[in-house]
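Reproduced below: final32.csv, with CSV, C-alpha atoms.
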```
chain,number,residue,atom,x,y,z
A,1,MET,CA,-52.8,167.7,141.0
A,2,SER,CA,-55.3,170.5,140.3
A,3,TRP,CA,-53.5,171.5,137.1
A,4,ALA,CA,-54.4,168.2,135.6
A,5,THR,CA,-58.1,169.0,135.5
A,6,ASP,CA,-57.4,171.7,132.9
A,7,ILE,CA,-55.6,169.3,130.5
A,8,ARG,CA,-57.6,168.7,127.3
A,9,VAL,CA,-54.7,167.8,124.9
A,10,VAL,CA,-51.6,165.8,125.4
A,11,ILE,CA,-48.6,166.2,123.2
A,12,GLY,CA,-46.1,163.4,123.1
A,13,LEU,CA,-42.8,165.0,122.0
A,14,ASP,CA,-40.0,162.6,120.9
A,15,PHE,CA,-36.6,164.3,120.7
A,16,GLY,CA,-34.7,161.6,118.8
A,17,THR,CA,-31.1,161.3,117.6
A,18,THR,CA,-32.1,160.9,113.9
A,19,TYR,CA,-35.7,162.1,113.7
A,20,SER,CA,-38.0,163.9,116.1
A,21,GLY,CA,-41.7,164.0,116.1
A,22,PHE,CA,-44.8,164.6,118.1
A,23,SER,CA,-48.3,163.1,118.5
A,24,LEU,CA,-51.5,164.8,119.5
A,25,TYR,CA,-54.2,163.3,121.7
A,26,HIS,CA,-57.4,165.0,122.7
A,27,CYS,CA,-58.5,163.7,126.1
A,28,GLU,CA,-62.2,163.7,125.1
A,29,ALA,CA,-62.2,162.8,121.4
A,30,GLU,CA,-59.6,160.1,121.2
A,31,ASP,CA,-58.2,161.8,118.1
A,32,ILE,CA,-54.5,161.0,117.5
A,33,GLY,CA,-52.2,162.6,115.0
A,34,ASP,CA,-48.5,161.8,114.3
A,35,ILE,CA,-46.1,164.2,112.7
A,36,ARG,CA,-42.4,163.6,112.0
A,37,TYR,CA,-40.1,166.6,111.7
A,38,ARG,CA,-36.4,166.9,110.6
A,39,PRO,CA,-35.1,170.6,109.8
A,40,LYS,CA,-31.6,171.3,108.9
A,41,LEU,CA,-30.0,173.7,111.3
A,42,PRO,CA,-27.5,176.4,110.3
A,43,GLU,CA,-23.9,176.2,111.6
A,44,PRO,CA,-22.4,177.3,114.0
A,45,LEU,CA,-24.8,177.1,116.9
A,46,THR,CA,-24.4,176.1,120.6
A,47,TYR,CA,-26.1,172.9,121.3
A,48,LYS,CA,-28.6,174.6,123.7
A,49,LYS,CA,-29.5,177.2,121.0
A,50,ALA,CA,-29.9,174.5,118.4
A,51,ILE,CA,-32.1,172.4,120.6
A,52,THR,CA,-34.2,175.4,121.6
A,53,ASP,CA,-34.6,176.6,118.0
A,54,TYR,CA,-35.5,173.1,116.9
A,55,LEU,CA,-38.1,172.7,119.7
A,56,TYR,CA,-39.5,176.2,118.9
A,57,GLU,CA,-40.1,175.2,115.3
A,58,MET,CA,-41.6,171.8,116.4
A,59,GLY,CA,-43.7,173.8,118.9
A,60,LYS,CA,-45.0,176.1,116.2
A,61,LEU,CA,-46.1,173.1,114.2
A,62,ALA,CA,-47.7,171.4,117.2
A,63,LYS,CA,-49.6,174.6,118.2
A,64,GLU,CA,-50.8,175.0,114.6
A,65,ASN,CA,-52.2,171.5,114.6
A,66,VAL,CA,-53.8,171.8,118.1
A,67,HIS,CA,-55.6,174.9,117.0
A,68,LYS,CA,-56.5,173.4,113.6
A,69,PHE,CA,-58.0,170.2,115.1
A,70,TRP,CA,-59.4,171.7,118.4
A,71,PRO,CA,-60.1,175.4,118.1
A,72,GLY,CA,-60.4,177.1,121.5
A,73,ILE,CA,-57.7,175.1,123.2
A,74,ASP,CA,-55.5,177.4,125.3
A,75,PHE,CA,-52.1,175.8,124.6
A,76,MET,CA,-50.4,177.0,127.9
A,77,GLU,CA,-53.4,176.1,130.0
A,78,ASN,CA,-55.0,173.0,128.4
A,79,VAL,CA,-52.0,171.1,127.0
A,80,LEU,CA,-49.7,168.6,128.7
A,81,ILE,CA,-46.4,167.9,127.0
A,82,VAL,CA,-44.8,164.5,127.6
A,83,LEU,CA,-41.1,164.6,126.4
A,84,THR,CA,-39.4,161.3,125.8
A,85,ILE,CA,-35.6,161.3,126.1
A,86,PRO,CA,-32.9,158.7,125.7
A,87,ALA,CA,-32.5,156.3,128.6
A,88,GLU,CA,-28.9,157.4,129.3
A,89,TYR,CA,-29.8,161.1,129.9
A,90,SER,CA,-28.6,162.4,133.3
A,91,GLU,CA,-30.5,164.6,135.6
A,92,ASN,CA,-28.5,167.5,134.2
A,93,ASP,CA,-29.5,166.6,130.7
A,94,LYS,CA,-33.1,166.5,131.7
A,95,ALA,CA,-32.7,170.0,133.3
A,96,ILE,CA,-31.1,171.3,130.0
A,97,MET,CA,-34.1,169.9,128.0
A,98,ARG,CA,-36.5,171.6,130.4
A,99,ASP,CA,-34.7,174.9,130.0
A,100,CYS,CA,-34.7,174.5,126.2
A,101,ILE,CA,-38.5,173.7,126.2
A,102,TYR,CA,-39.1,176.7,128.3
A,103,ASN,CA,-37.0,179.0,126.1
A,104,ALA,CA,-38.8,177.5,123.1
A,105,LYS,CA,-42.0,178.9,124.6
A,106,LEU,CA,-43.7,175.5,124.9
A,107,ILE,CA,-44.3,176.1,128.7
A,108,ASN,CA,-44.8,179.4,130.5
A,109,ASN,CA,-43.0,178.4,133.7
A,110,LYS,CA,-39.7,176.6,133.7
A,111,PHE,CA,-40.9,174.3,136.5
A,112,SER,CA,-44.4,173.7,135.0
A,113,GLU,CA,-46.0,170.4,135.8
A,114,LYS,CA,-47.5,170.6,132.3
A,115,LEU,CA,-44.1,169.3,131.0
A,116,GLN,CA,-43.5,165.7,132.0
A,117,ILE,CA,-40.2,164.0,131.1
A,118,THR,CA,-39.9,160.2,130.6
A,119,THR,CA,-37.3,158.0,129.0
A,120,GLU,CA,-38.0,156.4,125.7
A,121,PRO,CA,-38.1,152.8,127.1
A,122,GLU,CA,-40.5,153.9,129.9
A,123,ALA,CA,-42.8,155.5,127.3
A,124,ALA,CA,-42.7,152.4,125.1
A,125,ALA,CA,-43.4,150.1,128.1
A,126,ILE,CA,-46.4,152.3,129.1
A,127,TYR,CA,-47.7,152.2,125.5
A,128,CYS,CA,-47.3,148.4,125.4
A,129,LEU,CA,-49.2,148.1,128.7
A,130,TYR,CA,-52.0,150.4,127.6
A,131,SER,CA,-52.3,148.6,124.2
A,132,SER,CA,-52.3,145.2,125.7
A,133,LEU,CA,-54.8,146.1,128.4
A,134,LYS,CA,-57.2,147.4,125.7
A,135,GLU,CA,-56.9,144.1,124.0
A,136,HIS,CA,-57.0,142.0,127.2
A,137,LYS,CA,-53.6,140.5,126.4
A,138,LEU,CA,-51.4,141.5,129.3
A,139,THR,CA,-53.5,141.2,132.4
A,140,LYS,CA,-51.8,138.8,134.8
A,141,SER,CA,-49.8,140.4,137.7
A,142,GLY,CA,-46.2,139.1,137.7
A,143,THR,CA,-46.0,138.9,133.9
A,144,ASN,CA,-42.6,139.9,132.5
A,145,PHE,CA,-42.2,141.5,129.0
A,146,MET,CA,-39.5,143.0,126.9
A,147,VAL,CA,-39.6,146.3,125.0
A,148,VAL,CA,-37.3,146.6,122.0
A,149,ASP,CA,-37.0,150.2,120.8
A,150,CYS,CA,-35.1,150.5,117.5
A,151,GLY,CA,-34.5,154.2,116.8
A,152,GLY,CA,-32.6,155.9,114.1
A,153,GLY,CA,-29.4,155.8,115.9
A,154,THR,CA,-29.9,153.7,119.0
A,155,VAL,CA,-31.5,150.4,120.1
A,156,ASP,CA,-32.9,150.1,123.7
A,157,LEU,CA,-33.9,146.8,125.3
A,158,THR,CA,-35.9,147.0,128.5
A,159,THR,CA,-37.7,144.4,130.6
A,160,ARG,CA,-40.6,145.2,132.8
A,161,LYS,CA,-42.9,143.3,135.1
A,162,LEU,CA,-46.6,144.0,135.5
A,163,LEU,CA,-47.4,144.6,139.1
A,164,GLU,CA,-50.8,144.8,140.9
A,165,GLU,CA,-53.2,147.5,139.7
A,166,ASN,CA,-51.4,147.8,136.3
A,167,GLN,CA,-48.2,149.3,137.7
A,168,LEU,CA,-44.9,148.6,136.1
A,169,GLU,CA,-41.6,147.5,137.8
```
What would you get if you wrote out this structure as structure tokens?
Amino acid sequence: MSWATDIRVVIGLDFGTTYSGFSLYHCEAEDIGDIRYRPKLPEPLTYKKAITDYLYEMGKLAKENVHKFWPGIDFMENVLIVLTIPAEYSENDKAIMRDCIYNAKLINNKFSEKLQITTEPEAAAIYCLYSSLKEHKLTKSGTNFMVVDCGGGTVDLTTRKLLEENQLE
């Protein structure tokens, strides 16, 4: 994973059914920002064009904020984008989202490893694990926990088990 050594900023991009947003994390400074975004799109558009245009505008805002907070960051070289998607998305849906992100100019290669896709429940479970490890609350291997993600249009319930070496089942 030699590309990972170049990453200085991680953008968490949440493409939601009601609202979408992104968060910024600088790998060295522990600075986190959170921005919510909801543009009205003109009619009629194909869904791929609408998603691409929407992501392009979110990307402009994300790029502006990265450059504002951390001048000198090369977006295409030093930024990892982690896209969260609904749990029910198929592999085809994931491929469409990757195409849209590429067409929105957020990555410079359609198959770039600097775009990672995860489901919303997986992202929430990882966040819960990370937060509880920092506070020494969830440390015993074999512990089960439930994540309840109440979005604008959906509710996802997921159970996870903490395995050895802080891995999730």
Min atom-atom distance to Lys68 in chain A from the set A:Ala123, A:Leu55, A:Ile107, A:Leu24, counting all atoms listed in the file, belongs to A:Leu24
Pick from A:Asp156, A:Glu113, A:Gly59, A:Thr119 nearest to Ser90 in chain A, counting only C-alpha atoms:
A:Thr119
Grab the CA of Ala124 in chain A to CA of His26 in chain A distance for me, in Å with one decimal place.
19.5 Å
Taking (-55.8, 177.7, 130.3) in the file's coordinates as the center, which residues reach within 12 Å of it, counting only C-alpha atoms, put as a PyMOL selection string?
chain A and resi 3-9+72-80+107-108+114
Using only C-alpha atoms: which of A:Ala125, A:Ala50, A:Ala104, A:Tyr130 has the shortest distance to Phe145 in chain A
A:Ala125
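Computed from the coordinates, the CA of Leu115 in chain A to CA of Arg160 in chain A distance equals 24.4 Å.
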Quick one: of A:Thr158, A:Thr139, A:Asn166, A:Thr84, who's nearest to Met97 in chain A, counting only C-alpha atoms?
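The answer is A:Thr84, which sits nearest to Met97 in chain A.
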Nearest to Glu169 in chain A, chosen from A:Glu122, A:Asp93, A:Asp14, A:Glu28, with only C-alpha atoms counted in the distances
A:Glu122
Measuring atom to atom with only C-alpha atoms, identify which of A:Leu129, A:Ile11, A:Cys150, A:Ile101 is nearest to Ala62 in chain A.
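Looking only at the distances to Ala62 in chain A, the closest residue turns out to be A:Ile11.
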What separation in Å, quoted to one decimal, exists between CA of Glu57 in chain A and CA of Lys105 in chain A?
10.2 Å
So that I can check the surroundings of Leu163 in chain A, please list as a list in words every protein, DNA and RNA residue that reaches within 10 Å of it, counting only C-alpha atoms and ignoring chain neighbours fewer than 5 positions away.
Thr139, Lys140, Ser141, Gly142, Thr143, Asn144, Leu168 and Glu169 of chain A
Cut-off 10 Å around (-25.2, 154.6, 126.1) with all atoms listed in the file: residues as an mmCIF file with C-alpha atoms, in the frame of the given file:
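This went into part.cif:
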```
data_model
loop_
_atom_site.group_PDB
_atom_site.id
_atom_site.type_symbol
_atom_site.label_atom_id
_atom_site.label_comp_id
_atom_site.auth_asym_id
_atom_site.auth_seq_id
_atom_site.Cartn_x
_atom_site.Cartn_y
_atom_site.Cartn_z
ATOM 1 C CA PRO A 86 -32.900 158.700 125.700
ATOM 2 C CA ALA A 87 -32.500 156.300 128.600
ATOM 3 C CA GLU A 88 -28.900 157.400 129.300
ATOM 4 C CA TYR A 89 -29.800 161.100 129.900
ATOM 5 C CA THR A 154 -29.900 153.700 119.000
ATOM 6 C CA VAL A 155 -31.500 150.400 120.100
ATOM 7 C CA ASP A 156 -32.900 150.100 123.700
#
```
